[in-house]
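To keep things clear, I will list the structure first and then write my remarks on it.
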Amino acid sequence: MSSRDENAENAKNAGNAGNAGKAGNAGNAGNAGNAGNAENTDPHANDAAPYSGGDPYADYRTGDFPFTDLVDLADRRLGAGVVAANDEFFAERENLLVRERAVFDPEHFGHKGKIMDGWETRRRRGADAENVFPAPEDHDWAVVRLGAPGVIRGIVVDTAHFRGNYPQRVSVQATSVEGSPSPAELLDAKWEELVPPTPVRGHAANGFTIDAERRFTHLRLCQHPDGGIARLRVHGEVVPDPEWLELLGTLDLISVLNGGSYEDASDRFYSSPTQIILPGTSRKMDDGWENRRRRVRGTNDWVRFRLAAQGAVRAVEIDTAYLKGNSAGWIALQGRNGESGEWFEIIPRTRLQPDTLHRFKLPARAVVTHVRLDAFPDGGVARMRLHGTLTEQGAADLRARFTALGG
């Protein structure tokens, strides 16, 4: 944008939540919900205390949001990106999707002011000297491309370190636009409201439960009227395009990008088991699944996954990259066809090597909807791949769900 006036006009046209159709009820899960009534009596009731030194996270306000066990559809590792924003004067929009938690350096200033680890816009002003505050409808916005389109179950708007400069309210809309649309095409899309303008707290994790049963590809985050947001997380269920999967033929049936999902695990002490089924290779030790040291003899750790639909597995890869003194000693893989199917052996208990990619050729295809990976007795696994194809039934089931969700 070439000027502040253009930014304001685009924001008004692109982000007017009042014109968006409501896709579902957005429930405030914890922190965001506590902010609702305070605003009428004290507009600063949701501020955090000024930073006074020491650990900047000591007074950070978090929450227990059950949907955070689901994959982050806006994970940069899946291909997500912040494709446009009307303003990013103080801090770049790309910071919203950084995987690590926001950092704070009280001495870090630049030519435009305090440098913050998040997305921060300039202070909005009114039209003239008699109207110094921005109009009620004025707001800033950022458009996010989800790395994996799907059904959104919950959103976390994290205002870490934005203590007195966080937005008074936030709202979120979503849309579904296939292909690789430009920012201009996205601004002209039909947006549906997921979170109406809602007060949030500064220096806090603000969670919102979403119950819109639709498949979305993009999201628009709005700040009313302005301010800063450190991180954005969009948790949900991946719903892949069945036509694309059919064109691929052989594919990784358990990959997050292809609709695989983590269901349960014996231990998540160091990292989420979802990382086992992320695309690409592990980059460091914590970029996988690692459990705590098991001390009870006769037991072992395990993790269970669900495929997007029924598939026929022909080959398996188990990677222990960067896990050298803490990789699983042995693994075994079981499969199940259907929610009530019996578990059967795919790979018997097999010794693993640390920091090594292991490949297993199956003697016959394994038709499954679920798999369970056992680690003996404990330890880490970086990645797992299940190479195969969707069965006719699996492809039909996936097409039916895709269509039902508006795909």
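In the structure tokens, the first chain shown is A, the next is B, and so on; residue numbers restart at 1 for each chain, and ligands run from 1 in the order shown.
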
Surrounding residues of Glu120 of chain A excluding itself and chain neighbours under 6 positions, 6 Å, only C-alpha atoms, as a PyMOL selection string:
chain A and resi 88+90-91+227-228

Contact residues around Ala135 of chain A with only C-alpha atoms at 12 Å, ignoring same-chain residues under 5 positions, as a PDB file with all heavy atoms, in the first residue's frame:
```
ATOM      1  N   ALA A   8      -6.223   2.271   5.316  1.00  0.00           N
ATOM      2  CA  ALA A   8      -7.465   2.340   6.061  1.00  0.00           C
ATOM      3  C   ALA A   8      -8.656   1.974   5.188  1.00  0.00           C
ATOM      4  O   ALA A   8      -9.582   1.280   5.621  1.00  0.00           O
ATOM      5  CB  ALA A   8      -7.639   3.750   6.636  1.00  0.00           C
ATOM      6  N   LYS A  12     -11.152  -1.263   5.684  1.00  0.00           N
ATOM      7  CA  LYS A  12     -12.597  -1.130   5.842  1.00  0.00           C
ATOM      8  C   LYS A  12     -13.342  -2.021   4.871  1.00  0.00           C
ATOM      9  O   LYS A  12     -14.321  -2.674   5.219  1.00  0.00           O
ATOM     10  CB  LYS A  12     -12.983   0.336   5.631  1.00  0.00           C
ATOM     11  CG  LYS A  12     -14.478   0.608   5.834  1.00  0.00           C
ATOM     12  CD  LYS A  12     -14.767   2.091   5.694  1.00  0.00           C
ATOM     13  CE  LYS A  12     -16.251   2.377   5.888  1.00  0.00           C
ATOM     14  NZ  LYS A  12     -16.547   3.811   5.741  1.00  0.00           N
ATOM     15  N   ARG A 124      -4.081   3.923  15.213  1.00  0.00           N
ATOM     16  CA  ARG A 124      -5.067   4.569  14.338  1.00  0.00           C
ATOM     17  C   ARG A 124      -5.520   5.894  14.947  1.00  0.00           C
ATOM     18  O   ARG A 124      -5.614   6.036  16.167  1.00  0.00           O
ATOM     19  CB  ARG A 124      -6.275   3.659  14.132  1.00  0.00           C
ATOM     20  CG  ARG A 124      -6.011   2.539  13.132  1.00  0.00           C
ATOM     21  CD  ARG A 124      -7.263   1.710  12.906  1.00  0.00           C
ATOM     22  NE  ARG A 124      -7.067   0.819  11.783  1.00  0.00           N
ATOM     23  CZ  ARG A 124      -7.383   1.130  10.530  1.00  0.00           C
ATOM     24  NH1 ARG A 124      -7.915   2.322  10.263  1.00  0.00           N
ATOM     25  NH2 ARG A 124      -7.179   0.266   9.558  1.00  0.00           N
ATOM     26  N   ARG A 125      -5.823   6.844  14.067  1.00  0.00           N
ATOM     27  CA  ARG A 125      -6.305   8.153  14.491  1.00  0.00           C
ATOM     28  C   ARG A 125      -7.662   8.443  13.865  1.00  0.00           C
ATOM     29  O   ARG A 125      -8.070   7.789  12.902  1.00  0.00           O
ATOM     30  CB  ARG A 125      -5.312   9.246  14.085  1.00  0.00           C
ATOM     31  CG  ARG A 125      -3.906   9.071  14.636  1.00  0.00           C
ATOM     32  CD  ARG A 125      -3.903   8.965  16.154  1.00  0.00           C
ATOM     33  NE  ARG A 125      -2.560   8.982  16.730  1.00  0.00           N
ATOM     34  CZ  ARG A 125      -2.285   8.608  17.960  1.00  0.00           C
ATOM     35  NH1 ARG A 125      -3.244   8.153  18.744  1.00  0.00           N
ATOM     36  NH2 ARG A 125      -1.055   8.684  18.430  1.00  0.00           N
ATOM     37  N   GLY A 126      -8.343   9.453  14.414  1.00  0.00           N
ATOM     38  CA  GLY A 126      -9.633   9.844  13.893  1.00  0.00           C
ATOM     39  C   GLY A 126      -9.526  10.715  12.655  1.00  0.00           C
ATOM     40  O   GLY A 126      -8.431  10.983  12.136  1.00  0.00           O
ATOM     41  N   ALA A 127     -10.666  11.193  12.179  1.00  0.00           N
ATOM     42  CA  ALA A 127     -10.720  11.933  10.911  1.00  0.00           C
ATOM     43  C   ALA A 127     -10.207  13.348  11.034  1.00  0.00           C
ATOM     44  O   ALA A 127      -9.659  13.911  10.077  1.00  0.00           O
ATOM     45  CB  ALA A 127     -12.158  11.936  10.393  1.00  0.00           C
ATOM     46  N   ASP A 128     -10.350  13.989  12.214  1.00  0.00           N
ATOM     47  CA  ASP A 128      -9.950  15.392  12.353  1.00  0.00           C
ATOM     48  C   ASP A 128      -9.744  15.709  13.825  1.00  0.00           C
ATOM     49  O   ASP A 128      -9.881  14.844  14.687  1.00  0.00           O
ATOM     50  CB  ASP A 128     -11.007  16.320  11.733  1.00  0.00           C
ATOM     51  CG  ASP A 128     -12.413  16.020  12.227  1.00  0.00           C
ATOM     52  OD1 ASP A 128     -12.593  15.914  13.467  1.00  0.00           O
ATOM     53  OD2 ASP A 128     -13.328  15.881  11.391  1.00  0.00           O
ATOM     54  N   HIS A 224      -9.209  -4.773  16.331  1.00  0.00           N
ATOM     55  CA  HIS A 224     -10.111  -3.629  16.470  1.00  0.00           C
ATOM     56  C   HIS A 224      -9.639  -2.773  17.638  1.00  0.00           C
ATOM     57  O   HIS A 224      -9.700  -3.222  18.783  1.00  0.00           O
ATOM     58  CB  HIS A 224     -11.542  -4.104  16.721  1.00  0.00           C
ATOM     59  CG  HIS A 224     -12.094  -5.038  15.699  1.00  0.00           C
ATOM     60  ND1 HIS A 224     -12.927  -4.627  14.686  1.00  0.00           N
ATOM     61  CD2 HIS A 224     -11.938  -6.374  15.524  1.00  0.00           C
ATOM     62  CE1 HIS A 224     -13.271  -5.672  13.944  1.00  0.00           C
ATOM     63  NE2 HIS A 224     -12.674  -6.747  14.436  1.00  0.00           N
ATOM     64  N   PRO A 225      -9.213  -1.518  17.442  1.00  0.00           N
ATOM     65  CA  PRO A 225      -9.006  -0.906  16.135  1.00  0.00           C
ATOM     66  C   PRO A 225      -7.595  -1.130  15.588  1.00  0.00           C
ATOM     67  O   PRO A 225      -7.350  -1.006  14.405  1.00  0.00           O
ATOM     68  CB  PRO A 225      -9.225   0.578  16.440  1.00  0.00           C
ATOM     69  CG  PRO A 225      -8.722   0.739  17.853  1.00  0.00           C
ATOM     70  CD  PRO A 225      -9.065  -0.546  18.555  1.00  0.00           C
ATOM     71  N   ASP A 226      -6.642  -1.463  16.480  1.00  0.00           N
ATOM     72  CA  ASP A 226      -5.241  -1.610  16.084  1.00  0.00           C
ATOM     73  C   ASP A 226      -4.515  -2.340  17.199  1.00  0.00           C
ATOM     74  O   ASP A 226      -5.121  -2.791  18.165  1.00  0.00           O
ATOM     75  CB  ASP A 226      -4.595  -0.229  15.813  1.00  0.00           C
ATOM     76  CG  ASP A 226      -4.783   0.741  16.986  1.00  0.00           C
ATOM     77  OD1 ASP A 226      -4.739   0.291  18.163  1.00  0.00           O
ATOM     78  OD2 ASP A 226      -4.995   1.940  16.753  1.00  0.00           O
TER      79      ASP A 226
END
```

According to DSSP computed on the backbone, where in segment 209-380 of chain A is there alpha helix (DSSP H)? Give the residues as a PyMOL selection string.
chain A and resi 242-248

Nearest to Ser327 of chain A: which of A:Arg231, A:Arg292, A:Arg283, A:Arg268 is it, counting only C-alpha atoms?
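Of A:Arg231, A:Arg292, A:Arg283, A:Arg268, the one nearest Ser327 of chain A is A:Arg292, counting only C-alpha atoms.
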
Neighbour list for Arg101 of chain A as a PyMOL selection string, cut-off 12 Å, only C-alpha atoms, skip fewer than 6 positions in-chain:
chain A and resi 56-57+60+95+117-118+158-161+204-205+230-233

At a cut-off of 6 Å, using only C-alpha atoms, what residues contact Gly202 of chain A? Leave out same-chain residues fewer than 6 positions from it and give the result as a ChimeraX atom specification.
/A:47-48,159,162-163,166

Go ahead and write the residues just picked, N, CA and C atoms, as a compact mmCIF listing (two decimals), in the first residue's frame.
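Once everything was written out, this is again-v5.txt:
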```
# COMPACT_ATOMS: atom_id res chain seq x y z
N ASP A 47 -5.54 -5.10 30.44
CA ASP A 47 -4.11 -4.84 30.31
C ASP A 47 -3.32 -5.77 31.23
N ALA A 48 -2.11 -6.07 30.83
CA ALA A 48 -1.16 -6.72 31.73
C ALA A 48 -0.34 -5.63 32.41
N THR A 159 -1.26 -12.85 22.68
CA THR A 159 -0.79 -11.46 22.78
C THR A 159 0.43 -11.34 23.68
N PHE A 162 2.56 -8.13 24.51
CA PHE A 162 1.78 -6.94 24.18
C PHE A 162 0.90 -6.65 25.40
N ARG A 163 1.41 -5.79 26.27
CA ARG A 163 0.80 -5.57 27.58
C ARG A 163 -0.19 -4.41 27.58
N TYR A 166 -1.98 -4.24 22.91
CA TYR A 166 -2.71 -5.32 22.26
C TYR A 166 -4.03 -4.75 21.71
```

Within 12 Å of Asp355 of chain A, counting only C-alpha atoms, which residues qualify if same-chain residues fewer than 2 places away don't, as JSON, numbers by chain?
{"A": [281, 282, 283, 284, 285, 288, 318, 319, 320, 321, 322, 323, 324, 325, 326, 327, 328, 329, 352, 353, 357, 358, 380, 381, 382, 383]}

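Atom pair atom CA of Val296 of chain A / atom CA of Trp330 of chain A: separated by 16.4 Å.
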
Arg77 of chain A proximity check over A:Leu257, A:Ala308, A:Ala332, A:Val316, using only C-alpha atoms: winner is A:Leu257

Given only C-alpha atoms as the basis, pick out the residue of A:Val143, A:Ala364, A:Leu405, A:Gly338 nearest to Ser182 of chain A.
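The closest residue to Ser182 of chain A is A:Val143.
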
Report as a ChimeraX atom specification all protein, DNA and RNA residues lying within 6 Å of Ala142 of chain A, evaluated on only C-alpha atoms, omitting residues in the same chain fewer than 5 positions from it.
/A:84-85,220-221

Go through A:Val170, A:Val239, A:Ala315, A:Leu251 and flag the residue nearest Leu362 of chain A, using only C-alpha atoms for the distances.
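Ranked by minimum distance to Leu362 of chain A, first place goes to A:Ala315.
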
From the set A:Pro377, A:Trp302, A:Gln393, A:Asp105, which residue has the shortest atom-to-atom contact distance to Glu263 of chain A, counting only C-alpha atoms?
A:Trp302

Among the residues A:Ile347, A:Val98, A:Ala375, A:Ala212, the one that comes closest to Thr299 of chain A [using only C-alpha atoms]
A:Ala375

With only C-alpha atoms as the counted atoms, please give the residues lying no more than 6 Å from Phe216 of chain A, apart from itself and same-chain residues fewer than 3 positions off, as a list in words.
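Everything that qualifies: Pro149, Gly150, Thr175 and Ser176 of chain A.
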
Expressed in Å to a single decimal, how great is the separation between atom CA of Gly341 of chain A and atom CA of Gly249 of chain A?
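Taking atom CA of Gly341 of chain A as the start and atom CA of Gly249 of chain A as the end point, the length is 25.6 Å.
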